[in-house]
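*Asks:* Have a look at this one before I ask anything.
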Amino acid sequence: MGNASNGHDSSPSFACEARKACVKFRSLFSLNSHLFFDTSMSVGIVQEQVASAITNALLEARKRGALQSTNFPEPVIDFPKREEWGDLSSNVAMSMAKEEKRPPLEVAQVIADQLRTSCPLLEKVSVAPPGFLNFTLRPDCWFSVLEEVERTGDRYGHGTVGQGQRVLLEFVSANPTGPLHMGHGRGAALGEALARLLQAAGYEVDKEYYINDAGRQMKLLADSVYARYLELHDRECSFPEDGYHGDYIKVLAQALNREKGSEILNLASDAARRECGQWASEQLVRAIKDDLERFGVTFETWYSEASLFSAGKIEAALQALEQRDLVFIRDEATWFRSSEFQDEKDRVVRKQDGDYTYLASDIAYHFDKLQRGYEWLINVWGADHHGYVPRMKAAVNAFGYGDDSLRVVLVQMVRLLRGGEKVEMSKRAGEFITLQDVVDEVGADAAKFFFLMRRSDTHLEFDLELAKKQSSENPVYYVQYAHARLASLFRTARERGFPVLPVGDAPLAALVQPEELWLVKQLSSFPGLLEASAGALEPHRITFYLQELAGLLHVFYYKHRVLPPRIDGVKEDEAGEDGEPSELVREDLSKELTMARLVLLKQVQTVLKNGLGLLGVSAPETM
RNA sequence: GCGCCUGUAGCUCAGUGGAUAGAGCACUGGCCUCCGGAGCCAGGUGCCGCAGGUUCAAAUCCUGCCAGGCGCGCCA
């Protein structure tokens with residue numbers, strides 16, 4: 001292969017990233033099983049071929065007595081850290097050394113010898129201390145990736161590890177007592193991305209919003225609105241101590257007044273409050289729904305807490321616990337024996353005064369989720385609720401489901417900045433930047449991307465100025481621009497009579513430049529990345545991957561041309577009179593090369609689009 | 001006091017037991033006759049919080065400290 005240019009090998013930093021972008025491939029199968037390719041079509045076909053070549057080599061070597069182990073480890077395929085080491089590497093030899101009772105280097109040598117004789121797709125197999133196996137593949141092996149991307153299109157990268165399991169993903173679930181703020185936005189972006197990620201990984205996902213329309217918060221909302229309503233009618237009233245002070249409450253009261261006039265004045269206080277509360281919460285839920293829709297986040301179901309009460313589901317759930325002898329009465333209150341399951345102490349579900357606690361609704365709610373047939377429950381919660389996790393797990397356990405059937409993803413706070421300066425917010429005074437403010441200012445795409453750039457359990461800094469910038473400082477523009485730039489290229493190509501051929505018909509052998517190979521390798525790691533980030537419930541990995549892919553594209557695009565220059569008046573000038581090659585390689589652009597590059601870039605565009613799609617971010621054709 | 005999370009470059013952060021720990025930003029200097037310069041290239045920094053342990057191999061796993069954040073209601 002034309003691994004030329006050893007001379008000034010100033011391989012750009014992206015090269016490292018491409019290799020680092022590596023998603024390790026773990027074979028999911030033991031060697032004894034025959035299911036080598038059964039469910040793992042998601043990890044990248046090239047890596048898979050190498051992994052299976054290794055397992056075959058291990059078996060062969062054992063057959064002829066060169067290896068003794070009865071159990072072979074799962075071969076892990078990696079991108080080596082340095083380009084000189086090859087295309088792919090594996091550490092199998094090192095993990096086998098113990099059982100083989102030989103130095104890793106020796107074991108590696110045995111495997112390498114075996115592979116050299118038995119695996120035609122490896123151009124070169126080498127061994128490096130302390131026991132790595134490094135592989136250089138025949139370049140055309142990588143082109144199968146391009147075929148795969150074309151064949152699967154917008155499903156490229158999707159896998160089947162989920163095996164169709166039903167997942168209920170609950171997120172946002174903000175109390176309908178006010179507009180959504182930044183923190184909810186982060187949860188919303190995360191939930192939406194998780195849903196897409198898990199669907200792509202083969203799960204069947206439903207998104208649900210739990211409406212806390214019962215309990216104390218609702219009462220406070222009702223009292224607050226009622227108080228503002230009375231104010232409009234110049235009635236004496238005292239605003240509730242812990243009430244909601246935001247202006248939106250006044251706006252609600254005015255709207256209520258427009259709709260119902262003085263009708264509510266005639267009701268008894270209790271009835272009037274109920275009326276106000278119910279009306280206000282309906283309005284707020286609708287507003288939340290609108291906000292989320294404009295943010296590009298939707299739910300299959302909006303589940304009302306109040307409906308748990310009216311349908312008798314609280315009693316039913318507690319009864320189910322009682323049948324398992326997991327509730328008891330003490331001090332005239334009813335307790336759930338959550339300490340039987342990892343929780344530090346038992347918890348009250350029904351107070352002395354006969355009211356149910358919030359935990360009781362939540363137990364009933366989760367019981368209901370399970371009864372609806374979901375095998376896996378995922379909740380996205382604010383990190384300040386982390387202390388609540390053990391008791392919810394206890395509840396799930398109590399109903400006979402394992403620890404793993406509930407996963408809680410915690411989301412940390414968002415610190416809002418504007419040009420590096422902190423934006424102060426005080427919820428108490430009712431002054432906060434709402435999600436809608438942010439979406440209006442920076443757009444839904446940028447907001448979502450920013451929310452997803454960090455691991456969810458770390459604090460996030462969100463700079464409004466940065467999110468608006470249209471330059472490479474702004475990661476979302478950087479990635480979207482890569483997509484738009486390609487779209488523009490294909491438009492120009494079509495105008496000038498260069499169609500994008502099917503991969504099978506393209507002269508891919510023309511692709512010999514390192515920048516081209518980097519792109520293909522980066523594409524090849526997408527399925528593994530997807531599976532890993534779905535498994536870890538960490539969409540932020542996608543944002544890093546996309547920035548790397550976009551970076552590789554821009555490097556390629558700067559250095560190489562795809563279409564021949566339009567004007568043929570360009571002189572074949574004597575670039576570099578003193579033999580100094582200019583940085584821009586002036587290559588002969590054969591028709592083959594143009595065709596091959598168009599095909600390559602088409603697949604790059606597909607993957608950019610797929611990745612952005614997983615984040616719920618658009619892939620614009622023009623910007 | 002107990003529990004959870006975090007501690008990696010000046011800042012914001014990646015890093016699912018592997019080789020010489022990385023990116024973006026910021027800073028400096030370069031690069032457009034031509035497919036979108038909304039781009040590219042070149043410059044350099046780390047007791048991976050500290051100390052032990054497990055391992056052929058630790059930023060990663062375990063234990064103990066230190067620092068920051070959060071949580072520990074018959075609130076929701």
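Here, A, B, ... name the chains of the structure tokens in the order displayed, residue numbers run from 1 inside each chain, and ligands are numbered from 1 in the same displayed order.
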Can you tell me, as a PyMOL selection string, what residues are no more than 12 Å from A67 in chain B when counting only C-alpha atoms (C1' of nucleotides), ignoring any on the same chain fewer than 4 positions away?

*Replies:* chain B and resi 6-7+49-50

*Asks:* Using only C-alpha atoms (C1' of nucleotides), select each residue of chain A with any atom at most 6 Å away from an atom of chain B, and give the selection as a ChimeraX atom specification.

*Replies:* /A:351,384,387,470-471,485,489,558,563,565

*Asks:* Those residues you just picked out, can you put them in a file as a JSON list (two decimals), in the first residue's frame with N, CA and C atoms?

*Replies:*
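Listed below is the output, again26.json:
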```json
[["chain", "number", "residue", "atom", "x", "y", "z"],
["A", 351, "LYS", "N", -48.84, 8.25, 55.79],
["A", 351, "LYS", "CA", -48.58, 9.03, 56.99],
["A", 351, "LYS", "C", -49.65, 8.81, 58.06],
["A", 384, "ASP", "N", -29.67, 15.74, 42.30],
["A", 384, "ASP", "CA", -30.00, 15.99, 43.70],
["A", 384, "ASP", "C", -30.98, 14.95, 44.24],
["A", 387, "GLY", "N", -30.24, 10.33, 46.38],
["A", 387, "GLY", "CA", -30.52, 9.61, 47.60],
["A", 387, "GLY", "C", -31.79, 8.78, 47.52],
["A", 470, "GLN", "N", -20.68, 31.08, 14.96],
["A", 470, "GLN", "CA", -20.68, 30.28, 13.75],
["A", 470, "GLN", "C", -19.24, 30.11, 13.29],
["A", 471, "SER", "N", -18.48, 29.39, 14.05],
["A", 471, "SER", "CA", -17.10, 29.14, 13.68],
["A", 471, "SER", "C", -16.63, 27.85, 14.33],
["A", 485, "ARG", "N", -21.06, 21.08, 4.03],
["A", 485, "ARG", "CA", -19.99, 21.22, 3.05],
["A", 485, "ARG", "C", -20.04, 20.07, 2.05],
["A", 489, "LEU", "N", -20.79, 19.98, -1.93],
["A", 489, "LEU", "CA", -19.92, 19.31, -2.90],
["A", 489, "LEU", "C", -20.73, 18.45, -3.86],
["A", 558, "TYR", "N", -9.18, 19.87, 2.98],
["A", 558, "TYR", "CA", -8.23, 20.95, 2.80],
["A", 558, "TYR", "C", -7.06, 20.47, 1.94],
["A", 563, "LEU", "N", -13.18, 17.31, -7.04],
["A", 563, "LEU", "CA", -13.52, 17.62, -8.43],
["A", 563, "LEU", "C", -12.33, 18.30, -9.08],
["A", 565, "PRO", "N", -10.29, 21.05, -11.20],
["A", 565, "PRO", "CA", -10.49, 22.49, -11.28],
["A", 565, "PRO", "C", -11.38, 22.83, -12.47]]
```

*Asks:* Give me every strand (DSSP E or B) residue in range 124-215 of chain A, going by DSSP on the backbone, as number ranges by chain.

*Replies:* A: 124-128, 132-137, 166-170, 181, 204-211

*Asks:* So which residues touch U63 in chain B within 12 Å, counting only C-alpha atoms (C1' of nucleotides), skipping near sequence neighbours fewer than 2 positions away, as a PyMOL selection string?

*Replies:* chain B and resi 51-54+61+65

*Asks:* If you run DSSP over the backbone, which residues in range 196-360 of chain A end up alpha helix (DSSP H)? Put them as a PyMOL selection string.

*Replies:* chain A and resi 196-200+216-232+247-260+269-295+305-310+313-323+358-360

*Asks:* Just how far from CA of Gly420 in chain A is CA of Asn474 in chain A, in Å to one decimal?

*Replies:*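 Answer for the CA of Asn474 in chain A to CA of Gly420 in chain A separation: 14.0 Å.
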
*Asks:* Could you tell me which of A:Pro514, A:Gln605, A:Ala255, A:Cys141 comes closest to Lys559 in chain A if we count only C-alpha atoms?

*Replies:*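 Closest to Lys559 in chain A of all the choices is A:Pro514.
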
*Asks:* When you draw a straight line from CA of Ala306 in chain A to CA of Ser361 in chain A, how long is it in Å?

*Replies:*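 According to the coordinates, CA of Ala306 in chain A and CA of Ser361 in chain A are separated by 9.0 Å.
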
*Asks:* Excluding Leu615 in chain A and residues on its chain fewer than 5 positions from it, collect all residues at most 12 Å away from it, counting only C-alpha atoms (C1' of nucleotides), and give them as a ChimeraX atom specification.

*Replies:* /A:188-198,200,296-297,444-453,476,530,533,538-546,608-610

*Asks:* Take the selection from the previous step and output its residues with N, CA, C and O atoms, as a short mmCIF file (atom, residue, chain, number, x, y, z; two decimals), in the first residue's frame.

*Replies:*
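See out10.cif below for the written result:
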```
data_model
loop_
_atom_site.label_atom_id
_atom_site.label_comp_id
_atom_site.auth_asym_id
_atom_site.auth_seq_id
_atom_site.Cartn_x
_atom_site.Cartn_y
_atom_site.Cartn_z
N ALA A 188 -34.01 16.60 29.03
CA ALA A 188 -34.80 16.33 27.84
C ALA A 188 -33.90 15.90 26.69
O ALA A 188 -34.18 14.91 26.00
N ALA A 189 -32.81 16.62 26.49
CA ALA A 189 -31.90 16.28 25.41
C ALA A 189 -31.31 14.89 25.65
O ALA A 189 -31.19 14.08 24.72
N LEU A 190 -30.97 14.63 26.89
CA LEU A 190 -30.38 13.35 27.23
C LEU A 190 -31.37 12.21 27.00
O LEU A 190 -31.04 11.19 26.40
N GLY A 191 -32.58 12.40 27.48
CA GLY A 191 -33.60 11.36 27.33
C GLY A 191 -33.87 11.05 25.87
O GLY A 191 -33.92 9.89 25.46
N GLU A 192 -34.03 12.10 25.09
CA GLU A 192 -34.32 11.91 23.67
C GLU A 192 -33.16 11.16 23.00
O GLU A 192 -33.37 10.23 22.22
N ALA A 193 -31.95 11.57 23.31
CA ALA A 193 -30.79 10.91 22.70
C ALA A 193 -30.69 9.45 23.16
O ALA A 193 -30.39 8.56 22.36
N LEU A 194 -30.95 9.22 24.44
CA LEU A 194 -30.90 7.85 24.93
C LEU A 194 -31.92 6.97 24.21
O LEU A 194 -31.64 5.84 23.85
N ALA A 195 -33.09 7.54 24.01
CA ALA A 195 -34.14 6.77 23.34
C ALA A 195 -33.68 6.37 21.95
O ALA A 195 -33.80 5.21 21.54
N ARG A 196 -33.11 7.33 21.24
CA ARG A 196 -32.67 7.03 19.87
C ARG A 196 -31.52 6.04 19.87
O ARG A 196 -31.44 5.14 19.03
N LEU A 197 -30.64 6.22 20.83
CA LEU A 197 -29.48 5.35 20.95
C LEU A 197 -29.92 3.91 21.23
O LEU A 197 -29.44 2.95 20.62
N LEU A 198 -30.83 3.78 22.17
CA LEU A 198 -31.27 2.44 22.55
C LEU A 198 -32.07 1.80 21.42
O LEU A 198 -31.97 0.60 21.19
N ALA A 200 -31.53 2.34 18.33
CA ALA A 200 -30.52 1.93 17.35
C ALA A 200 -29.80 0.68 17.80
O ALA A 200 -29.29 -0.08 16.99
N GLY A 296 -37.83 19.68 20.06
CA GLY A 296 -37.65 18.44 19.32
C GLY A 296 -37.70 17.20 20.18
O GLY A 296 -37.11 16.18 19.87
N VAL A 297 -38.44 17.29 21.27
CA VAL A 297 -38.53 16.15 22.19
C VAL A 297 -40.00 15.79 22.37
O VAL A 297 -40.82 16.65 22.71
N ALA A 444 -32.49 25.08 18.77
CA ALA A 444 -32.63 23.76 19.41
C ALA A 444 -31.42 22.88 19.13
O ALA A 444 -30.97 22.14 20.01
N ASP A 445 -30.88 22.95 17.93
CA ASP A 445 -29.74 22.09 17.59
C ASP A 445 -28.55 22.36 18.49
O ASP A 445 -27.97 21.44 19.08
N ALA A 446 -28.17 23.62 18.57
CA ALA A 446 -27.00 23.96 19.37
C ALA A 446 -27.25 23.61 20.83
O ALA A 446 -26.39 23.06 21.51
N ALA A 447 -28.45 23.91 21.31
CA ALA A 447 -28.75 23.62 22.71
C ALA A 447 -28.61 22.14 22.99
O ALA A 447 -27.96 21.73 23.95
N LYS A 448 -29.19 21.31 22.13
CA LYS A 448 -29.13 19.87 22.37
C LYS A 448 -27.69 19.38 22.33
O LYS A 448 -27.26 18.60 23.18
N PHE A 449 -26.96 19.82 21.34
CA PHE A 449 -25.58 19.36 21.21
C PHE A 449 -24.78 19.74 22.45
O PHE A 449 -24.04 18.92 23.00
N PHE A 450 -24.95 20.96 22.90
CA PHE A 450 -24.21 21.40 24.09
C PHE A 450 -24.61 20.60 25.32
O PHE A 450 -23.76 20.22 26.12
N PHE A 451 -25.89 20.35 25.47
CA PHE A 451 -26.34 19.57 26.62
C PHE A 451 -25.72 18.17 26.61
O PHE A 451 -25.55 17.54 27.65
N LEU A 452 -25.42 17.69 25.40
CA LEU A 452 -24.96 16.31 25.29
C LEU A 452 -23.45 16.18 25.19
O LEU A 452 -22.94 15.09 25.03
N MET A 453 -22.74 17.29 25.30
CA MET A 453 -21.30 17.23 25.11
C MET A 453 -20.54 16.69 26.33
O MET A 453 -19.37 16.38 26.22
N VAL A 476 -20.89 22.41 17.53
CA VAL A 476 -22.06 21.97 16.77
C VAL A 476 -22.00 22.51 15.34
O VAL A 476 -22.32 21.81 14.39
N LEU A 530 -21.50 3.07 18.87
CA LEU A 530 -22.92 3.15 19.14
C LEU A 530 -23.33 2.12 20.20
O LEU A 530 -24.02 2.44 21.17
N SER A 533 -21.89 3.19 23.62
CA SER A 533 -22.50 4.32 24.29
C SER A 533 -23.95 4.03 24.65
O SER A 533 -24.46 4.57 25.64
N GLU A 538 -24.53 6.64 27.55
CA GLU A 538 -23.71 7.85 27.49
C GLU A 538 -23.65 8.44 26.08
O GLU A 538 -22.70 8.21 25.33
N PRO A 539 -24.63 9.22 25.73
CA PRO A 539 -24.64 9.80 24.39
C PRO A 539 -23.51 10.79 24.13
O PRO A 539 -23.23 11.08 22.98
N HIS A 540 -22.88 11.28 25.18
CA HIS A 540 -21.83 12.27 24.93
C HIS A 540 -20.72 11.69 24.07
O HIS A 540 -20.04 12.43 23.36
N ARG A 541 -20.57 10.39 24.08
CA ARG A 541 -19.52 9.79 23.26
C ARG A 541 -19.76 10.07 21.78
O ARG A 541 -18.82 10.17 21.00
N ILE A 542 -21.02 10.15 21.41
CA ILE A 542 -21.34 10.42 20.01
C ILE A 542 -20.86 11.82 19.63
O ILE A 542 -20.37 12.04 18.52
N THR A 543 -21.01 12.77 20.54
CA THR A 543 -20.59 14.13 20.19
C THR A 543 -19.08 14.18 19.96
O THR A 543 -18.62 14.89 19.07
N PHE A 544 -18.33 13.41 20.73
CA PHE A 544 -16.88 13.40 20.52
C PHE A 544 -16.54 12.73 19.19
O PHE A 544 -15.70 13.22 18.44
N TYR A 545 -17.21 11.64 18.95
CA TYR A 545 -16.97 10.92 17.69
C TYR A 545 -17.22 11.83 16.50
O TYR A 545 -16.44 11.89 15.55
N LEU A 546 -18.31 12.55 16.55
CA LEU A 546 -18.68 13.40 15.42
C LEU A 546 -17.67 14.52 15.21
O LEU A 546 -17.36 14.89 14.08
N LEU A 608 -22.16 11.04 9.36
CA LEU A 608 -22.37 12.31 10.06
C LEU A 608 -23.85 12.51 10.35
O LEU A 608 -24.25 12.88 11.45
N LYS A 609 -24.63 12.21 9.35
CA LYS A 609 -26.07 12.40 9.50
C LYS A 609 -26.64 11.44 10.53
O LYS A 609 -27.46 11.83 11.38
N ASN A 610 -26.21 10.20 10.47
CA ASN A 610 -26.71 9.22 11.45
C ASN A 610 -26.34 9.63 12.88
O ASN A 610 -27.16 9.53 13.79
#
```

*Asks:* Just want the 7 Å neighbourhood of range 280-282 of chain A, counted on only C-alpha atoms (C1' of nucleotides), with same-chain residues fewer than 5 positions away dropped. Output as a list in words.

*Replies:*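 Those residues are Pro176, Thr177 and Leu252 of chain A.
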